[in-house]
Structures are given as C-alpha cells and as structure tokens.
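**Q** Once you've had a glance at the structure underneath, I'll fire off some questions.
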Amino acid sequence: MGKNIAEKIFASHRVDNPFGDIHVIRLDAVFCHEITTPVAINDLVERGLDRVFDPAKIKAVIDHVTPAKDSKTATQGKILRDWANRHGIKDFFDIGRNGVCHAIFPEKGFVRPGYTVIMGDSHTCTHGAFGAFAAGVGTTDLEVGILKGVCAFHYPESIKIEIRGSLPEGVFAKDTILTIIGKLGVNGATNKVIEFCGEVVDNMSMEERMTLCNMAIEAGGTCGICAPDMTTVEYLWPFISDEFSSREDALKAYQQYCADPDATYAETITINGDELVPVATFGFKPDQIKPVSEMSDTRVDQVYIGSCTNGRIEDLRVAASVLKGKKIKDWVRGIVSPASPAIYNNALDEGIIKIFMDAGFCVTNPTCGACLGMSNGVLAEGEVCASTTNRNFNGRMGKGGTVHLMSPASAAATAITGYITNSDIYQQGGNS
Amino acid sequence: MKSFNGKVLFLDRSDINTDEIIPARYLTEITKEALKSYLLDDLSLEGFNPREDVPKHTVIVTRANFGCGSSREHAPWALEVNDFNIVIAENFARIFKQNMFNCGMMAVQLEPAVIDQLFAKFAGKQTSLTTDLEKNVFHFSADGEQESVPFTISGFDRALVEAGGWVGYADSNY
Ligand code: SF4
C-alpha cells in the first residue's frame with residue numbers, strides 16, 4: 001500500500017515501537033529558543049545529565065524577548081547562551097544575528113526534505129513546508145530530544161488538502177490557511193498531519209508554503225507538510241550544492257519523500273482557490289473567520305506586521321506595495337517587525353523600510369515580542385489590533401486586548417483607514 | 001506516582017487554550033513553583049474566578065480540545081504546582097496531552113456523552129473524584145450521588161505515569 005509523506009518519514013526514522021501506535025523516531029534537528037529551553041537545561045543539569053546528543057543538530061536562538069526587557073528575560077537568554085557555549089552549539093543566534101525561530105532556521109538551510117524536527121514551540125509545524133516532519137513539543141520532549149536525539153509520537157494519520165486552481169489577486173497564503181482553519185475548526189486536525197497539495201501549493205513560493213504550514217497547529221494539526229519540488233530545491237540550493245551534482249539530482253533524491261499515488265488519508269478535502277477571498281478572524285479562536293469586506297466597521301488601535309507567519313520579505317513587500325505613498329491613520333499605532341536580520345537587510349535594500357517609516361510605522365528589530373504579548377507592542381485592556389500573526393486568543397497580545405488575524409495586505413490597508421479594510425481598494429488605485 | 005484524586009472543578013467550555021491556562025506574560029519564570037498563582041489567569045468563564053476556584057480543587061473535568069494552542073509545558077506545570085495532576089475531557093490538543101503524561105500526570109479522554117452526563121449530574125456541586133488506576137475506573141461522588149466511570153489509557157501513557165515521566169523512561173530505554 002502506498003505511503004503519504006509523514007508515513008515515509010516515519011518509516012525511515014523509526015527507532016522503536018514500544019507500544020501500539022507509539023513510534024520513537026530519530027531526530028535530524030532539535031531547535032531551541034529561550035522561553036521553553038531553559039527549564040529543560042536546568043532539569044538536565046539537576047539530573048546530572050547535562051549533555052547534548054549532537055551539537056551540530058541542535059540550533060538555538062533568542063527570539064521571543066530580545067533585547068531582554070528585564071532581569072528575568074535576561075536570565076532566560078543567559079541560560080541558553082551559556083549552555084550553547086558549554087556544548088559547542090555553533091548555530092546559536094544571539095542579538096544582532098537573531099530572528100524569529102521559524103523564519104531564521106529555514107533561511108539558514110537547517111531544514112531539508114525528509115527531515116524530522118522538533119522544537120519546544122507549537123509553530124514548528126512551519127518547517128513542514130520543506131517536506132519535513134516538524135512538530136512542536138513541550139519542554140520534556142525537548143529535553144529528551146536534546147539528550148537522546150529521539151522523540152515519541154502516536155503514528156499520525158494525514159489529512160490531504162488539495163487547493164485547486166489559482167488564488168485571485170489580493171488573496172494570499174494567509175487567507176488560504178485561515179479559510180482552511182475555518183473549515184476544519186480548531187480541533188479538526190488534532191493528532192493529524194495536514195498534507196497540502198494542488199496547483200495553488202505547487203505555484204507557491206517557500207515563504208508562502210511556510211505561512212500555510214505555520215498555522216496547521218491552529219486546526220490542531222501535528223504538522224503541515226508540502227511535497228518537495230523544484231521550488232524547494234531552488235530555495236535550498238545554496239546549502240546543498242556540494243551534496244548534489246545538479247538540481248535535478250537533488251530533486252530526484254528528495255522526491256522519495258513525496259506521497260505515493262495510492263497513499264491513503266484519513267480525509268481528503270478539496271478547496272477551489274479561485275473562490276477564496278481575503279478573510280480575517282473575529283472572536284478569540286482562529287477558526288472564527290469572515291470576509292474582510294464584512295468587517296469594515298471594526299476600528300483598530302494597532303496594526304502589527306511580523307511573526308513566524310507573516311514577517312518574511314514577501315510579506316513586507318506586499319504590505320509596502322499597499323502603503324507606498326500613504327500615511328497610516330492618526331489613531332493607529334503601526335508596528336512592523338521583520339522576522340530576521342536577512343529579511344530586515346533585504347527590506348532596507350529594497351526601500352521597503354523607508355516606505356513603512358514614511359507611512360508612520362515603527363520598525364522594530366526581529367523578534368516575536370508583540371505576537372505573544374511579551375514585549376514590543378503589548379495591547380492595553382479593550383484595545384484592538386489587526387495582526388499578521390497566528391493567534392487571536394483572548395489576551396494573546398495583552399490582557400483584555402482583541403486580535404484580528406489577517407494577511408499583510410489587509411493589515412496594511414487597515415493601518416491606512418483605521419478600520420479593517422480590504423487591500424484591493426488601494427492596490428487598484430482607490431483613494432484613501 | 002502522583003495522586004489523581006480530589007475535588008473536581010468543572011469548566012464548561014471547549015477549546016480552552018494554553019494561553020488561558022497560563023498567559024505568556026508569566027513565561028519569563030524559570031521555576032515551576034513561580035507559576036502557582038497564575039493558573040487559569042486569563043480564562044474568562046461565567047461563574048469562574050481563578051483566584052477563588054483554583055485553590056479549592058485538584059481535578060478538572062471539561063469539554064473538547066483542552067490545552068490547544070501553544071506548546072508551553074508551563075500549562076501542565078501550573079496545574080502540577082497547584083496539585084492538579086489529572087484533567088478529564090472529551091479530547092485534548094496533542095502537545096498538551098503528551099506534556100501531561102511526560103510529566104507523569106494524566107489527561108484522560110471520555111466520550112462526549114459521558115462528559116455531558118458528568119456535567120449534568122455533578123457540575124455546581126462539591127464533587128470528589130477517586131481514581132482506581134488498577135481497574136481503570138473513576139469514582140465520582142457528591143451529595144450522596146455516586147457514579148463509576150471506566151476509562152482507558154494507552155500502555156505508553158501508563159508507563160509514563162508509572163515512570164514519573166518521559167525523561168526517566170527515555171533515559172533508561174534509549
Ligand atoms: S512569532 Fe509568535 S507564534 Fe511565532 S514563534 Fe514567535 S511567539 Fe510563537
């Protein structure tokens with residue numbers, strides 16, 4: 001019987017099958033950040049097990065609160081920093097070189113098709129964009145990953161989501177995944193892998209695929225996953241050109257991780273890309289979505305463009321194309337946080353940072369910050385934020401605040417009017 | 001092994017997420033004990049007051065998809081330091097459930113109809129739970145009313161509970 005992508009990766013990484021459907025798999029990469037890793041480090045030290053299974057396979061970054069905002073966050077950074085030094089973890093990214101984990105690790109070429117990746121962060125599912133099995137875990141799983149290079153999973157079933165046709169202008173990967181979450185519900189993919197395929201996915205850049213996979217967890221999914229193709233190979237080529245004689249060879253090697261034609265799925269869902277419209281969330285769950293056009297009476301206090309979902313260069317380009325030559329509404333606080341130094345640099349080179357600044361945005365360093373209400377743009381009680389992040393949970397960006405998730409284009413248009421707004425009125429030359 | 005008995009807190013809502021269980025503003029803490037006062041700090045639910053209701057209970061019975069959202073193990077830890085070692089629900093978010101068993105705690109799934117019945121019979125009362133891990137039965141009681149509910153946990157989850165968590169198990173097996 002044919003296998004889907006996750007099944008193929010499990011088959012090639014299985015170490016043990018101690019109980020029923022529990023599979024212990026070998027890990028190709030363990031990613032770490034300063035919020036969930038320090039407790040694991042301290043626990044390992046306390047147990048007299050302060051070791052790492054392979055320093056080259058561990059990657060670490062300080063990203064959630066950086067620069068440190070107080071003594072506690074400074075201590076979290078220090079624990080991670082000292083640990084990375086102590087164990088010779090070379091791929092450790094500290095201030096000046098750091099960025100949001102799920103933006104910077106792919107950018108460095110750390111994820112390859114067929115890889116198994118864990119991190120103490122639920123949006124680790126992002127890396128499935130490369131045809132990898134990448135799952136968020138808690139601190140204890142992370143701890144064992146660091147120590148032993150293995151992790152246990154229930155054997156995951158997969159849901160196949162085929163997105164046919166093409167996306168209309170002004171509709172983006174973010175609108176696509178929000179629509180999908182709206183269909184599945186926040187519990188609809190629990191314990192399952194979501195395999196994305198179809199023409200729309202085939203035509204997406206790696207950045208867009210990352211946006212898609214990033215939010216698999218918001219439907220409860222273990223991982224989002226896209227089959228590796230020439231787009232994947234092109235993105236990775238600077239990192240793999242020594243390993244393969246040509247791009248075609250690389251593609252051939254990676255295609256072993258594509259689903260078989262007769263692979264089986266728990267469920268198959270078909271979505272017609274041509275019918276999608278820009279959407280945003282209302283309420284406090286990411287499956288509560290509405291067309292942006294129906295939310296024009298929602299006034300916002302803040303607009304946030306950034307995060308592991310939509311803080312990449314393509315996102316900033318789209319937002320800048322909407323903002324160019326315009327000013328944001330006087331009552332709106334606009335914050336943009338390029339997700340990595342490379343993205344920031346590109347945005348500088350392309351004149352995008354200037355467009356944001358001229359429009360009235362504050363440009364922050366790469367960090368998670370406001371996305372989880374820890375720093376750099378926390379909301380006050382009763383405030384409303386249009387945000388390109390991934391969670392609109394009650395209090396997520398600050399106690400008593402409300403978050404509306406949307407694409408960078410919609411967020412930029414919203415910044416201009418001060419009310420939730422469809423970007424098309426600007427992109428088609430409408431007036432402000 | 002931890003205790004899986006105690007007074008039951010009924011939380012009548014689905015999709016209670018880990019931000020509600022322990023908000024990110026407390027994630028700067030690096031000890032479990034420091035999380036103690038903040039359990040369920042951002043859960044706004046009619047009739048529920050975290051500061052009053054958390055100290056009086058040690059068991060949660062709730063609806064579907066408990067623990068969705070962030071992977072933060074701070075959620076089980078905040079439960080653990082408040083002596084909540086068991087949550088019973090229709091189902092759980094994957095990472096949360098794994099985190100619970102990884103800490104030697106229990107996240108037990110019951111059929112929606114059974115959860116409905118427990119709410120109907122016991123919510124709003126002083127309800128106690130006793131867990132019989134040998135026979136796999138929960139005993140609920142309140143005001144002279146009793147109900148015994150069988151449950152299942154997988155061999156792996158049981159091994160983790162018995163080993164006191166995944167680090168101990170993995171260290172001796174891999
Ligand atoms: S940007 Fe937000 S969702 Fe992404 S890793 Fe950071 S805190 Fe988590």
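Every chain in the structure tokens takes a letter, A first, then B, and so on in the order presented; its residues are numbered from 1, and the ligands are numbered from 1 following the presented order.
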Would you give me, as JSON, numbers by chain, the residues of chain A that come within 7 Å of chain B, using only C-alpha atoms?

**A** {"A": [19, 35, 36, 38, 39, 72, 73, 120, 121, 122, 136, 137, 138, 139, 140, 144, 148, 187, 190, 191, 218, 220, 372, 373, 374, 395, 396]}

**Q** Pick out the residues sitting within 10 Å of Ile353 (chain A), and hand them over as a compact mmCIF listing (two decimals) with N, CA and C atoms, in the first residue's frame; count only C-alpha atoms, and ignore anything fewer than 4 positions along from it in its own chain.

**A**
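selection.txt was written with the following content:
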```
# COMPACT_ATOMS: atom_id res chain seq x y z
N LEU A 316 6.51 41.65 3.71
CA LEU A 316 6.82 43.08 3.83
C LEU A 316 6.66 43.77 2.48
N ARG A 317 7.03 43.05 1.41
CA ARG A 317 6.86 43.63 0.06
C ARG A 317 5.40 43.93 -0.23
N ALA A 320 4.20 46.80 1.86
CA ALA A 320 4.77 48.06 1.38
C ALA A 320 4.09 48.52 0.09
N VAL A 336 6.00 47.23 12.58
CA VAL A 336 6.44 46.17 11.68
C VAL A 336 7.72 45.58 12.24
N PRO A 338 10.42 42.93 10.97
CA PRO A 338 10.98 41.96 10.01
C PRO A 338 11.47 40.74 10.80
N TYR A 344 15.32 41.94 7.21
CA TYR A 344 15.47 43.37 7.51
C TYR A 344 16.40 44.01 6.48
N ASN A 345 17.53 43.36 6.26
CA ASN A 345 18.51 43.87 5.30
C ASN A 345 17.94 43.98 3.89
N ASN A 346 17.26 42.92 3.46
CA ASN A 346 16.64 42.97 2.14
C ASN A 346 15.64 44.11 2.06
N ALA A 347 14.87 44.25 3.13
CA ALA A 347 13.84 45.29 3.14
C ALA A 347 14.48 46.68 3.08
N LEU A 348 15.63 46.81 3.73
CA LEU A 348 16.37 48.09 3.64
C LEU A 348 16.81 48.32 2.20
N ASP A 349 17.45 47.30 1.62
CA ASP A 349 17.97 47.42 0.25
C ASP A 349 16.87 47.76 -0.74
N MET A 357 8.38 53.53 7.19
CA MET A 357 8.64 54.67 8.07
C MET A 357 7.92 55.93 7.58
N ASP A 358 7.95 56.12 6.29
CA ASP A 358 7.25 57.30 5.73
C ASP A 358 5.75 57.22 6.01
N ALA A 359 5.24 56.00 6.03
CA ALA A 359 3.80 55.83 6.28
C ALA A 359 3.46 56.05 7.75
N PHE A 361 4.94 53.92 10.34
CA PHE A 361 5.16 52.70 11.12
C PHE A 361 6.40 52.82 11.99
N CYS A 362 6.38 52.14 13.12
CA CYS A 362 7.58 51.91 13.91
C CYS A 362 8.19 50.59 13.42
N VAL A 363 9.48 50.60 13.12
CA VAL A 363 10.15 49.38 12.67
C VAL A 363 10.97 48.83 13.83
```

**Q** To one decimal in Å, tell me the separation between CA of Ile177 (chain A) and CA of Met215 (chain A).

**A**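 CA of Met215 (chain A) lies at a distance of 6.8 Å from CA of Ile177 (chain A).
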
**Q** Hey, which bits of chain A sit within 6 Å of ligand 1, and for each residue what's the closest pair of atoms and how far apart in Å (one decimal), counting only C-alpha atoms and all ligand atoms, rows by chain and increasing number, as JSON lines?

**A**
```
{"residue": "A:His64", "atom": "CA", "partner": "ligand 1", "partner_atom_place_in_ligand_line": "6 (Fe)", "distance": 5.8}
{"residue": "A:Val100", "atom": "CA", "partner": "ligand 1", "partner_atom_place_in_ligand_line": "6 (Fe)", "distance": 5.8}
{"residue": "A:Ser307", "atom": "CA", "partner": "ligand 1", "partner_atom_place_in_ligand_line": "1 (S)", "distance": 3.6}
{"residue": "A:Cys308", "atom": "CA", "partner": "ligand 1", "partner_atom_place_in_ligand_line": "4 (Fe)", "distance": 4.2}
{"residue": "A:Cys368", "atom": "CA", "partner": "ligand 1", "partner_atom_place_in_ligand_line": "6 (Fe)", "distance": 4.0}
{"residue": "A:Cys371", "atom": "CA", "partner": "ligand 1", "partner_atom_place_in_ligand_line": "2 (Fe)", "distance": 4.5}
{"residue": "A:Leu372", "atom": "CA", "partner": "ligand 1", "partner_atom_place_in_ligand_line": "7 (S)", "distance": 5.0}
```

**Q** Convert the current residue selection to file output with N, CA, C and O atoms, as a CSV table (one decimal), in the first residue's frame.

**A**
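Wrote it out as part-v8.csv, contents follow:
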```csv
chain,number,residue,atom,x,y,z
A,64,HIS,N,12.2,35.3,21.5
A,64,HIS,CA,10.8,35.8,22.0
A,64,HIS,C,10.9,37.2,22.6
A,64,HIS,O,10.0,38.0,22.3
A,100,VAL,N,13.1,35.6,14.4
A,100,VAL,CA,12.1,34.6,14.9
A,100,VAL,C,12.4,33.2,14.4
A,100,VAL,O,12.7,33.0,13.2
A,307,SER,N,6.0,38.3,12.7
A,307,SER,CA,5.9,37.0,13.3
A,307,SER,C,6.3,35.9,12.3
A,307,SER,O,6.6,36.1,11.2
A,308,CYS,N,6.3,34.7,12.8
A,308,CYS,CA,6.7,33.5,12.1
A,308,CYS,C,5.7,33.2,11.0
A,308,CYS,O,6.0,32.4,10.1
A,368,CYS,N,9.8,38.0,18.3
A,368,CYS,CA,8.4,37.6,18.5
A,368,CYS,C,7.6,38.7,19.2
A,368,CYS,O,6.6,39.1,18.7
A,371,CYS,N,3.7,39.5,19.3
A,371,CYS,CA,2.9,38.3,18.9
A,371,CYS,C,2.3,37.6,20.0
A,371,CYS,O,1.1,37.1,20.0
A,372,LEU,N,3.1,37.4,21.1
A,372,LEU,CA,2.5,36.7,22.2
A,372,LEU,C,2.4,37.6,23.5
A,372,LEU,O,2.4,37.1,24.6
```

**Q** Have a look at CA of Leu27 (chain A) and CA of Thr124 (chain A) and let me know their distance in Å, one decimal.

**A** 13.6 Å

**Q** Check the DSSP output for the backbone and give back, as number ranges by chain, the residues of region 35-252 of chain A in strand (DSSP E).

**A** A: 58-61, 92-93, 116-119, 133-136, 150-154, 157-164, 192-197, 223-226

**Q** Neighbouring residues of Phe10 (chain B) were defined as those with any atom within 7 Å, considering only C-alpha atoms; residues of the same chain fewer than 4 positions away were excluded. Please report them as a compact mmCIF listing (two decimals) with N, CA and C atoms, in the first residue's frame.

**A**
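Result file is result_6.txt:
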```
# COMPACT_ATOMS: atom_id res chain seq x y z
N ILE B 60 -9.71 18.60 37.05
CA ILE B 60 -10.53 19.37 36.10
C ILE B 60 -11.31 18.40 35.22
N VAL B 61 -12.61 18.70 35.06
CA VAL B 61 -13.43 18.00 34.06
C VAL B 61 -13.91 19.07 33.09
N THR B 62 -13.67 18.85 31.79
CA THR B 62 -14.01 19.89 30.84
C THR B 62 -14.44 19.28 29.51
N ALA B 123 -21.87 18.98 38.06
CA ALA B 123 -21.37 20.36 37.99
C ALA B 123 -22.14 21.22 38.97
```
